file work_16.cif (mmCIF, C-alpha atoms and all ligand atoms; chains and numbers go by the auth columns)
data_start
loop_
_atom_site.group_PDB
_atom_site.id
_atom_site.type_symbol
_atom_site.label_atom_id
_atom_site.label_comp_id
_atom_site.label_asym_id
_atom_site.label_seq_id
_atom_site.Cartn_x
_atom_site.Cartn_y
_atom_site.Cartn_z
_atom_site.B_iso_or_equiv
_atom_site.auth_seq_id
_atom_site.auth_asym_id
ATOM 1 C CA MET A 1 5.614 54.113 11.334 0.00 5 A
ATOM 2 C CA SER A 2 8.610 52.413 12.838 0.00 6 A
ATOM 3 C CA ASP A 3 9.666 49.125 11.426 0.00 7 A
ATOM 4 C CA THR A 4 11.893 46.489 13.013 0.00 8 A
ATOM 5 C CA LEU A 5 14.188 43.911 11.524 0.00 9 A
ATOM 6 C CA THR A 6 12.587 40.534 10.985 0.00 10 A
ATOM 7 C CA HIS A 7 12.838 37.886 8.274 0.00 11 A
ATOM 8 C CA GLY A 8 12.383 39.437 4.828 0.00 12 A
ATOM 9 C CA LYS A 9 13.023 43.046 5.846 0.00 13 A
ATOM 10 C CA VAL A 10 15.905 45.056 4.463 0.00 14 A
ATOM 11 C CA GLY A 11 18.157 46.581 7.094 0.00 15 A
ATOM 12 C CA ILE A 12 20.344 49.573 6.353 0.00 16 A
ATOM 13 C CA PHE A 13 23.130 50.275 8.790 0.00 17 A
ATOM 14 C CA HIS A 14 26.492 51.897 9.337 0.00 18 A
ATOM 15 C CA TYR A 15 29.219 49.764 10.848 0.00 19 A
ATOM 16 C CA THR A 16 32.758 49.988 12.061 0.00 20 A
ATOM 17 C CA LEU A 17 34.476 46.646 12.460 0.00 21 A
ATOM 18 C CA THR A 18 37.364 46.313 14.910 0.00 22 A
ATOM 19 C CA ASN A 19 39.404 43.354 16.143 0.00 23 A
ATOM 20 C CA ASP A 20 40.479 42.441 19.696 0.00 24 A
ATOM 21 C CA GLU A 21 43.380 44.916 19.477 0.00 25 A
ATOM 22 C CA GLY A 22 40.963 47.739 18.663 0.00 26 A
ATOM 23 C CA ALA A 23 42.284 48.171 15.117 0.00 27 A
ATOM 24 C CA THR A 24 39.655 49.204 12.563 0.00 28 A
ATOM 25 C CA LEU A 25 39.368 46.513 9.888 0.00 29 A
ATOM 26 C CA ASP A 26 36.519 48.005 7.888 0.00 30 A
ATOM 27 C CA SER A 27 33.964 50.787 8.143 0.00 31 A
ATOM 28 C CA SER A 28 31.025 52.150 6.184 0.00 32 A
ATOM 29 C CA ARG A 29 31.147 55.505 7.957 0.00 33 A
ATOM 30 C CA GLY A 30 32.023 58.357 5.661 0.00 34 A
ATOM 31 C CA GLY A 31 30.419 56.431 2.781 0.00 35 A
ATOM 32 C CA GLN A 32 27.190 54.644 1.966 0.00 36 A
ATOM 33 C CA PRO A 33 25.613 52.521 4.694 0.00 37 A
ATOM 34 C CA MET A 34 25.298 48.787 4.104 0.00 38 A
ATOM 35 C CA ALA A 35 21.973 47.262 2.995 0.00 39 A
ATOM 36 C CA TYR A 36 21.197 43.578 3.603 0.00 40 A
ATOM 37 C CA LEU A 37 18.202 41.254 3.505 0.00 41 A
ATOM 38 C CA HIS A 38 17.458 39.986 7.016 0.00 42 A
ATOM 39 C CA GLY A 39 17.243 36.209 7.449 0.00 43 A
ATOM 40 C CA PHE A 40 19.065 35.351 4.211 0.00 44 A
ATOM 41 C CA GLN A 41 22.620 34.989 5.543 0.00 45 A
ATOM 42 C CA ASN A 42 23.815 38.096 3.705 0.00 46 A
ATOM 43 C CA ILE A 43 25.926 38.970 6.743 0.00 47 A
ATOM 44 C CA VAL A 44 27.695 36.891 9.397 0.00 48 A
ATOM 45 C CA PRO A 45 25.218 35.041 11.659 0.00 49 A
ATOM 46 C CA GLY A 46 26.449 36.632 14.883 0.00 50 A
ATOM 47 C CA LEU A 47 25.703 40.102 13.561 0.00 51 A
ATOM 48 C CA GLU A 48 22.400 39.144 11.954 0.00 52 A
ATOM 49 C CA SER A 49 21.068 37.734 15.239 0.00 53 A
ATOM 50 C CA GLU A 50 22.032 40.950 17.077 0.00 54 A
ATOM 51 C CA LEU A 51 20.174 43.023 14.462 0.00 55 A
ATOM 52 C CA GLU A 52 16.964 41.011 14.907 0.00 56 A
ATOM 53 C CA GLY A 53 14.218 43.297 16.234 0.00 57 A
ATOM 54 C CA LYS A 54 16.254 46.492 15.886 0.00 58 A
ATOM 55 C CA GLY A 55 14.935 49.618 14.175 0.00 59 A
ATOM 56 C CA ALA A 56 16.115 52.903 12.734 0.00 60 A
ATOM 57 C CA GLY A 57 18.120 54.920 15.260 0.00 61 A
ATOM 58 C CA ASP A 58 19.250 51.926 17.293 0.00 62 A
ATOM 59 C CA THR A 59 22.957 51.828 18.082 0.00 63 A
ATOM 60 C CA PHE A 60 24.827 48.963 19.693 0.00 64 A
ATOM 61 C CA ILE A 61 28.039 46.974 19.629 0.00 65 A
ATOM 62 C CA ALA A 62 27.881 43.353 18.498 0.00 66 A
ATOM 63 C CA HIS A 63 30.682 41.097 19.739 0.00 67 A
ATOM 64 C CA VAL A 64 30.937 38.135 17.399 0.00 68 A
ATOM 65 C CA ALA A 65 33.020 35.014 18.113 0.00 69 A
ATOM 66 C CA PRO A 66 34.670 33.190 15.180 0.00 70 A
ATOM 67 C CA LYS A 67 32.039 30.437 15.153 0.00 71 A
ATOM 68 C CA ASP A 68 29.335 33.085 14.560 0.00 72 A
ATOM 69 C CA GLY A 69 31.593 35.098 12.257 0.00 73 A
ATOM 70 C CA TYR A 70 33.886 33.801 9.536 0.00 74 A
ATOM 71 C CA GLY A 71 34.626 30.486 11.232 0.00 75 A
ATOM 72 C CA GLU A 72 37.604 29.019 13.044 0.00 76 A
ATOM 73 C CA LYS A 73 40.839 28.685 11.114 0.00 77 A
ATOM 74 C CA GLU A 74 41.133 25.344 9.354 0.00 78 A
ATOM 75 C CA GLY A 75 43.585 23.479 7.185 0.00 79 A
ATOM 76 C CA PRO A 76 47.339 23.597 6.802 0.00 80 A
ATOM 77 C CA GLY A 77 47.613 27.345 6.048 0.00 81 A
ATOM 78 C CA PRO A 78 48.252 29.211 2.789 0.00 82 A
ATOM 79 C CA GLN A 79 49.439 27.122 -0.166 0.00 83 A
ATOM 80 C CA ALA A 80 51.590 28.514 -2.967 0.00 84 A
ATOM 81 C CA VAL A 81 50.214 28.169 -6.484 0.00 85 A
ATOM 82 C CA HIS A 82 52.264 29.247 -9.498 0.00 86 A
ATOM 83 C CA ARG A 83 50.780 32.075 -11.564 0.00 87 A
ATOM 84 C CA SER A 84 50.893 29.914 -14.681 0.00 88 A
ATOM 85 C CA ASN A 85 47.898 28.040 -13.233 0.00 89 A
ATOM 86 C CA PHE A 86 45.732 31.145 -13.538 0.00 90 A
ATOM 87 C CA PRO A 87 44.339 32.822 -16.646 0.00 91 A
ATOM 88 C CA LYS A 88 46.790 35.200 -18.373 0.00 92 A
ATOM 89 C CA ASP A 89 44.872 38.355 -17.455 0.00 93 A
ATOM 90 C CA PHE A 90 44.420 37.291 -13.811 0.00 94 A
ATOM 91 C CA GLU A 91 45.418 40.024 -11.347 0.00 95 A
ATOM 92 C CA PRO A 92 45.676 38.505 -7.868 0.00 96 A
ATOM 93 C CA GLN A 93 44.437 40.842 -5.160 0.00 97 A
ATOM 94 C CA ILE A 94 45.079 40.059 -1.522 0.00 98 A
ATOM 95 C CA GLY A 95 41.867 39.434 0.410 0.00 99 A
ATOM 96 C CA ARG A 96 39.860 38.519 -2.678 0.00 100 A
ATOM 97 C CA PRO A 97 37.993 35.231 -2.899 0.00 101 A
ATOM 98 C CA ILE A 98 38.339 32.946 -5.900 0.00 102 A
ATOM 99 C CA ARG A 99 36.347 29.862 -6.777 0.00 103 A
ATOM 100 C CA ALA A 100 38.209 26.693 -7.539 0.00 104 A
ATOM 101 C CA GLU A 101 37.196 23.156 -8.294 0.00 105 A
ATOM 102 C CA GLY A 102 38.515 20.582 -5.852 0.00 106 A
ATOM 103 C CA GLY A 103 39.638 17.076 -6.800 0.00 107 A
ATOM 104 C CA ASP A 104 36.145 15.711 -6.168 0.00 108 A
ATOM 105 C CA GLY A 105 34.527 18.272 -8.493 0.00 109 A
ATOM 106 C CA GLN A 106 33.231 20.290 -5.570 0.00 110 A
ATOM 107 C CA VAL A 107 33.532 24.063 -5.921 0.00 111 A
ATOM 108 C CA VAL A 108 35.423 25.629 -3.033 0.00 112 A
ATOM 109 C CA THR A 109 36.135 29.245 -2.181 0.00 113 A
ATOM 110 C CA LEU A 110 39.787 30.094 -1.608 0.00 114 A
ATOM 111 C CA TRP A 111 41.184 33.402 -0.412 0.00 115 A
ATOM 112 C CA ILE A 112 44.270 35.112 -1.763 0.00 116 A
ATOM 113 C CA THR A 113 46.486 35.801 1.241 0.00 117 A
ATOM 114 C CA GLY A 114 49.688 36.876 -0.489 0.00 118 A
ATOM 115 C CA VAL A 115 51.646 37.225 -3.715 0.00 119 A
ATOM 116 C CA LYS A 116 55.403 36.640 -3.866 0.00 120 A
ATOM 117 C CA GLY A 117 57.055 36.744 -7.273 0.00 121 A
ATOM 118 C CA ALA A 118 55.362 34.120 -9.430 0.00 122 A
ATOM 119 C CA GLN A 119 53.653 32.485 -6.450 0.00 123 A
ATOM 120 C CA VAL A 120 50.110 33.232 -5.382 0.00 124 A
ATOM 121 C CA TYR A 121 49.220 32.082 -1.860 0.00 125 A
ATOM 122 C CA LEU A 122 45.746 30.642 -1.381 0.00 126 A
ATOM 123 C CA ASP A 123 44.013 29.629 1.829 0.00 127 A
ATOM 124 C CA VAL A 124 40.683 27.970 2.631 0.00 128 A
ATOM 125 C CA ASN A 125 40.121 30.447 5.473 0.00 129 A
ATOM 126 C CA HIS A 126 38.378 33.780 5.114 0.00 130 A
ATOM 127 C CA PRO A 127 40.887 36.530 6.042 0.00 131 A
ATOM 128 C CA LEU A 128 38.856 37.186 9.214 0.00 132 A
ATOM 129 C CA ALA A 129 38.547 33.521 10.240 0.00 133 A
ATOM 130 C CA GLY A 130 39.614 32.795 13.814 0.00 134 A
ATOM 131 C CA GLN A 131 39.113 36.402 14.921 0.00 135 A
ATOM 132 C CA ASN A 132 36.705 37.937 17.394 0.00 136 A
ATOM 133 C CA LEU A 133 34.834 40.701 15.574 0.00 137 A
ATOM 134 C CA HIS A 134 33.425 43.828 17.171 0.00 138 A
ATOM 135 C CA PHE A 135 30.842 45.699 15.113 0.00 139 A
ATOM 136 C CA ASP A 136 29.846 49.226 16.165 0.00 140 A
ATOM 137 C CA ILE A 137 26.411 49.490 14.559 0.00 141 A
ATOM 138 C CA GLU A 138 23.932 52.258 13.839 0.00 142 A
ATOM 139 C CA VAL A 139 20.716 51.171 12.151 0.00 143 A
ATOM 140 C CA VAL A 140 19.715 53.958 9.759 0.00 144 A
ATOM 141 C CA GLY A 141 16.685 52.357 8.143 0.00 145 A
ATOM 142 C CA VAL A 142 14.407 49.343 7.823 0.00 146 A
ATOM 143 C CA ARG A 143 12.145 48.753 4.818 0.00 147 A
ATOM 144 C CA ASP A 144 10.175 45.965 3.180 0.00 148 A
ATOM 145 C CA ALA A 145 12.100 43.918 0.641 0.00 149 A
ATOM 146 C CA THR A 146 10.951 44.033 -2.973 0.00 150 A
ATOM 147 C CA ASP A 147 9.748 40.768 -4.545 0.00 151 A
ATOM 148 C CA ASN A 148 12.860 40.832 -6.681 0.00 152 A
ATOM 149 C CA GLU A 149 15.098 41.058 -3.629 0.00 153 A
ATOM 150 C CA LYS A 150 13.304 38.154 -1.939 0.00 154 A
ATOM 151 C CA GLN A 151 13.710 36.082 -5.100 0.00 155 A
ATOM 152 C CA HIS A 152 17.413 36.865 -5.292 0.00 156 A
ATOM 153 C CA GLY A 153 17.944 36.417 -1.556 0.00 157 A
ATOM 154 C CA HIS A 154 19.806 39.697 -1.099 0.00 158 A
ATOM 155 C CA ALA A 155 19.211 43.438 -0.919 0.00 159 A
ATOM 156 C CA HIS A 156 19.520 45.638 -3.992 0.00 160 A
ATOM 157 C CA GLY A 157 21.042 48.641 -2.301 0.00 161 A
ATOM 158 C CA ILE A 158 19.538 51.238 -0.039 0.00 162 A
ATOM 159 C CA ASP A 159 16.454 51.931 -2.180 0.00 163 A
ATOM 160 C CA GLY A 160 16.011 48.396 -3.560 0.00 164 A
ATOM 161 C CA HIS A 161 16.732 49.357 -7.150 0.00 165 A
ATOM 162 C CA ALA A 162 20.495 49.130 -7.322 0.00 166 A
ATOM 163 C CA HIS A 163 21.832 47.395 -10.368 0.00 167 A
ATOM 164 C CA HIS A 164 24.119 44.479 -9.718 0.00 168 A
ATOM 165 C CA HIS A 165 26.041 41.825 -11.597 0.00 169 A
HETATM 166 ZN ZN ZN B . 19.898 40.440 -6.984 0.00 201 B
#

call {"tool": "encode", "arguments": {"input": "work_16.cif", "output": "structure tokens", "more": "lines below"}}
Ligand code: ZN
result
Amino acid sequence: MSDTLTHGKVGIFHYTLTNDEGATLDSSRGGQPMAYLHGFQNIVPGLESELEGKGAGDTFIAHVAPKDGYGEKEGPGPQAVHRSNFPKDFEPQIGRPIRAEGGDGQVVTLWITGVKGAQVYLDVNHPLAGQNLHFDIEVVGVRDATDNEKQHGHAHGIDGHAHHH
């Protein structure tokens, strides 16, 4: 029986992500495909809407504008923060998100964009903000979500039983 991607289904797909210049930014090919829970914002909205109604064996290219991807670039750009403001065992990795509390007590996600000596550069923008994204997609499977997955709001791997933090 063939199943298609609708709210509450788990989609399993291979992707290759390229930018406007055609450079590959990320790819699942050669490794495990990606599993996500459809309709729960596990993936960028522009890609999720293109996957709606697709089934195993479908291949297509989704062109996603920043507003349907990781957003337009905002703010003044990366800000330098001295390492002494981080825990002692903190190892800054470029491209990794960190959670920080803003002045108003609101938790914000910041992205590490660079490290120079004792300075760590943080930005409010996702590294892919402001970019057009081109996803070359092959849907390899669609299955029902487990109750546990629906409760958590995300997929637990390809078979639904993956352990996670
Ligand atoms: Zn979970």

call {"tool": "residues_around", "arguments": {"input": "work_16.cif", "residues": "segment 115-128 of chain A", "least_positions_apart": "4", "cutoff": "8 Å", "atoms": "only C-alpha atoms", "output": "PyMOL selection string"}}
result
chain A and resi 78-79+81-87+96-102

call {"tool": "closest_atom_pairs", "arguments": {"input": "work_16.cif", "of": "chain A", "to": "ligand ZN 201 (chain B)", "cutoff": "8 Å", "atoms": "all atoms listed in the file", "output": "Markdown table"}}
result
| residue | atom | partner | partner_atom | distance |
| --- | --- | --- | --- | --- |
| A:Asn152 | CA | B:ZN201 | ZN | 7.1 |
| A:Glu153 | CA | B:ZN201 | ZN | 5.9 |
| A:Gln155 | CA | B:ZN201 | ZN | 7.8 |
| A:His156 | CA | B:ZN201 | ZN | 4.7 |
| A:Gly157 | CA | B:ZN201 | ZN | 7.0 |
| A:His158 | CA | B:ZN201 | ZN | 5.9 |
| A:Ala159 | CA | B:ZN201 | ZN | 6.8 |
| A:His160 | CA | B:ZN201 | ZN | 6.0 |
| A:His167 | CA | B:ZN201 | ZN | 8.0 |
| A:His168 | CA | B:ZN201 | ZN | 6.5 |
| A:His169 | CA | B:ZN201 | ZN | 7.8 |

call {"tool": "write_last_selection", "arguments": {"input": "work_16.cif", "atoms": "C-alpha atoms", "output": "compact mmCIF listing (two decimals), in the coordinates of the input"}}
result
# COMPACT_ATOMS: atom_id res chain seq x y z
CA ASN A 152 12.86 40.83 -6.68
CA GLU A 153 15.10 41.06 -3.63
CA GLN A 155 13.71 36.08 -5.10
CA HIS A 156 17.41 36.86 -5.29
CA GLY A 157 17.94 36.42 -1.56
CA HIS A 158 19.81 39.70 -1.10
CA ALA A 159 19.21 43.44 -0.92
CA HIS A 160 19.52 45.64 -3.99
CA HIS A 167 21.83 47.40 -10.37
CA HIS A 168 24.12 44.48 -9.72
CA HIS A 169 26.04 41.82 -11.60

call {"tool": "resolve_selection", "arguments": {"input": "work_16.cif", "expression": "the PyMOL selection byres (((chain A and resi 14) around 10) and not hetatm)", "output": "ChimeraX atom specification"}}
result
/A:8-13,15-17,39-43,145-150,153-154,158-164

call {"tool": "resolve_selection", "arguments": {"input": "work_16.cif", "expression": "the PyMOL selection byres (((chain A and resi 133) around 12) and not hetatm)", "output": "list in words"}}
result
Asn23, Val48, Val68, Ala69, Pro70, Lys71, Asp72, Gly73, Tyr74, Gly75, Glu76, Lys77, Glu78, Gly79, Gly81, Gly99, Trp115, Asp127, Val128, Asn129, His130, Pro131, Leu132, Gly134, Gln135, Asn136 and Leu137 of chain A

call {"tool": "closest_residue", "arguments": {"input": "work_16.cif", "among": "A:Glu95, A:Gly35, A:Ala66, A:Leu114", "to": "Pro49 of chain A", "atoms": "all atoms listed in the file"}}
result
A:Ala66

call {"tool": "resolve_selection", "arguments": {"input": "work_16.cif", "expression": "the PyMOL selection byres (((chain A and resi 54) around 10) and not hetatm)", "output": "list in words"}}
result
Pro49, Gly50, Leu51, Glu52, Ser53, Leu55, Glu56, Gly57, Lys58, Phe64, Ile65, Ala66, His67, Val68 and Ile141 of chain A

call {"tool": "atom_distance", "arguments": {"input": "work_16.cif", "atom1": "atom CA of Gly26 of chain A", "atom2": "atom CA of Pro80 of chain A"}}
result
27.6 Å

call {"tool": "residues_near_point", "arguments": {"input": "work_16.cif", "point": "(9.3, 54.2, 16.1)", "cutoff": "9 Å", "atoms": "only C-alpha atoms", "output": "list in words"}}
result
Met5, Ser6, Asp7, Thr8, Gly59, Ala60 and Gly61 of chain A

call {"tool": "atom_distance", "arguments": {"input": "work_16.cif", "atom1": "atom CA of Ile47 of chain A", "atom2": "atom CA of Asp62 of chain A"}}
result
18.0 Å

call {"tool": "residues_around", "arguments": {"input": "work_16.cif", "residues": "Arg103 of chain A", "least_positions_apart": "6", "cutoff": "8 Å", "atoms": "all atoms listed in the file", "output": "VMD selection string"}}
result
chain A and resid 111 to 114

call {"tool": "atom_distance", "arguments": {"input": "work_16.cif", "atom1": "atom CA of Glu105 of chain A", "atom2": "atom CA of Gln45 of chain A"}}
result
23.3 Å

call {"tool": "axis_aligned_box", "arguments": {"input": "work_16.cif", "around": "segment 7-24 of chain A", "padding_each_side": "5 Å", "output": "JSON"}}
result
{"center_x": 25.1, "center_y": 44.9, "center_z": 12.1, "size_x": 40.8, "size_y": 24.0, "size_z": 25.2}

call {"tool": "build_atoms", "arguments": {"input": "work_16.cif", "residues": "segment 74-85 of chain A", "atoms": "all heavy atoms", "output": "JSON list (two decimals), keeping the file's coordinate frame"}}
result
[["chain", "number", "residue", "atom", "x", "y", "z"],
["A", 74, "TYR", "N", 33.35, 34.42, 10.76],
["A", 74, "TYR", "CA", 33.89, 33.80, 9.54],
["A", 74, "TYR", "C", 34.51, 32.44, 9.79],
["A", 74, "TYR", "O", 35.27, 31.93, 8.97],
["A", 74, "TYR", "CB", 34.90, 34.75, 8.88],
["A", 74, "TYR", "CG", 34.22, 35.99, 8.34],
["A", 74, "TYR", "CD1", 34.25, 37.18, 9.05],
["A", 74, "TYR", "CD2", 33.55, 35.95, 7.12],
["A", 74, "TYR", "CE1", 33.62, 38.32, 8.56],
["A", 74, "TYR", "CE2", 32.91, 37.08, 6.62],
["A", 74, "TYR", "CZ", 32.96, 38.25, 7.35],
["A", 74, "TYR", "OH", 32.33, 39.37, 6.86],
["A", 75, "GLY", "N", 34.18, 31.84, 10.95],
["A", 75, "GLY", "CA", 34.63, 30.49, 11.23],
["A", 75, "GLY", "C", 35.98, 30.43, 11.92],
["A", 75, "GLY", "O", 36.71, 31.41, 11.96],
["A", 76, "GLU", "N", 36.28, 29.27, 12.47],
["A", 76, "GLU", "CA", 37.60, 29.02, 13.04],
["A", 76, "GLU", "C", 38.57, 28.75, 11.90],
["A", 76, "GLU", "O", 38.17, 28.35, 10.82],
["A", 76, "GLU", "CB", 37.56, 27.79, 13.97],
["A", 76, "GLU", "CG", 36.55, 27.86, 15.10],
["A", 76, "GLU", "CD", 36.96, 28.81, 16.23],
["A", 76, "GLU", "OE1", 38.08, 29.37, 16.19],
["A", 76, "GLU", "OE2", 36.14, 29.00, 17.15],
["A", 77, "LYS", "N", 39.84, 28.99, 12.14],
["A", 77, "LYS", "CA", 40.84, 28.68, 11.11],
["A", 77, "LYS", "C", 40.96, 27.18, 10.93],
["A", 77, "LYS", "O", 40.99, 26.43, 11.90],
["A", 77, "LYS", "CB", 42.20, 29.27, 11.52],
["A", 77, "LYS", "CG", 42.43, 30.66, 10.98],
["A", 77, "LYS", "CD", 43.90, 31.03, 11.13],
["A", 77, "LYS", "CE", 44.16, 32.49, 10.82],
["A", 77, "LYS", "NZ", 43.86, 32.88, 9.46],
["A", 78, "GLU", "N", 41.02, 26.77, 9.68],
["A", 78, "GLU", "CA", 41.13, 25.34, 9.35],
["A", 78, "GLU", "C", 42.27, 25.12, 8.37],
["A", 78, "GLU", "O", 42.73, 26.06, 7.72],
["A", 78, "GLU", "CB", 39.84, 24.86, 8.68],
["A", 78, "GLU", "CG", 38.60, 24.96, 9.54],
["A", 78, "GLU", "CD", 37.36, 24.55, 8.77],
["A", 78, "GLU", "OE1", 37.39, 24.58, 7.52],
["A", 78, "GLU", "OE2", 36.37, 24.21, 9.42],
["A", 79, "GLY", "N", 42.64, 23.86, 8.24],
["A", 79, "GLY", "CA", 43.58, 23.48, 7.18],
["A", 79, "GLY", "C", 45.02, 23.79, 7.52],
["A", 79, "GLY", "O", 45.34, 24.27, 8.60],
["A", 80, "PRO", "N", 45.90, 23.50, 6.57],
["A", 80, "PRO", "CA", 47.34, 23.60, 6.80],
["A", 80, "PRO", "C", 47.91, 25.01, 6.64],
["A", 80, "PRO", "O", 49.10, 25.21, 6.81],
["A", 80, "PRO", "CB", 47.91, 22.67, 5.73],
["A", 80, "PRO", "CG", 46.92, 22.75, 4.61],
["A", 80, "PRO", "CD", 45.57, 22.99, 5.24],
["A", 81, "GLY", "N", 47.09, 25.99, 6.30],
["A", 81, "GLY", "CA", 47.61, 27.34, 6.05],
["A", 81, "GLY", "C", 47.76, 27.61, 4.56],
["A", 81, "GLY", "O", 47.49, 26.73, 3.74],
["A", 82, "PRO", "N", 48.19, 28.82, 4.20],
["A", 82, "PRO", "CA", 48.25, 29.21, 2.79],
["A", 82, "PRO", "C", 49.16, 28.30, 1.95],
["A", 82, "PRO", "O", 50.22, 27.89, 2.41],
["A", 82, "PRO", "CB", 48.83, 30.63, 2.84],
["A", 82, "PRO", "CG", 48.49, 31.13, 4.20],
["A", 82, "PRO", "CD", 48.55, 29.92, 5.10],
["A", 83, "GLN", "N", 48.69, 27.96, 0.77],
["A", 83, "GLN", "CA", 49.44, 27.12, -0.17],
["A", 83, "GLN", "C", 49.85, 27.95, -1.37],
["A", 83, "GLN", "O", 49.05, 28.72, -1.91],
["A", 83, "GLN", "CB", 48.55, 25.96, -0.65],
["A", 83, "GLN", "CG", 47.96, 25.13, 0.48],
["A", 83, "GLN", "CD", 49.01, 24.33, 1.22],
["A", 83, "GLN", "OE1", 49.72, 23.53, 0.63],
["A", 83, "GLN", "NE2", 49.11, 24.55, 2.53],
["A", 84, "ALA", "N", 51.10, 27.77, -1.81],
["A", 84, "ALA", "CA", 51.59, 28.51, -2.97],
["A", 84, "ALA", "C", 51.13, 27.85, -4.26],
["A", 84, "ALA", "O", 51.22, 26.63, -4.40],
["A", 84, "ALA", "CB", 53.11, 28.58, -2.92],
["A", 85, "VAL", "N", 50.62, 28.65, -5.16],
["A", 85, "VAL", "CA", 50.21, 28.17, -6.48],
["A", 85, "VAL", "C", 50.89, 29.07, -7.51],
["A", 85, "VAL", "O", 50.83, 30.30, -7.39],
["A", 85, "VAL", "CB", 48.67, 28.22, -6.65],
["A", 85, "VAL", "CG1", 48.26, 27.79, -8.05],
["A", 85, "VAL", "CG2", 47.98, 27.36, -5.60]]
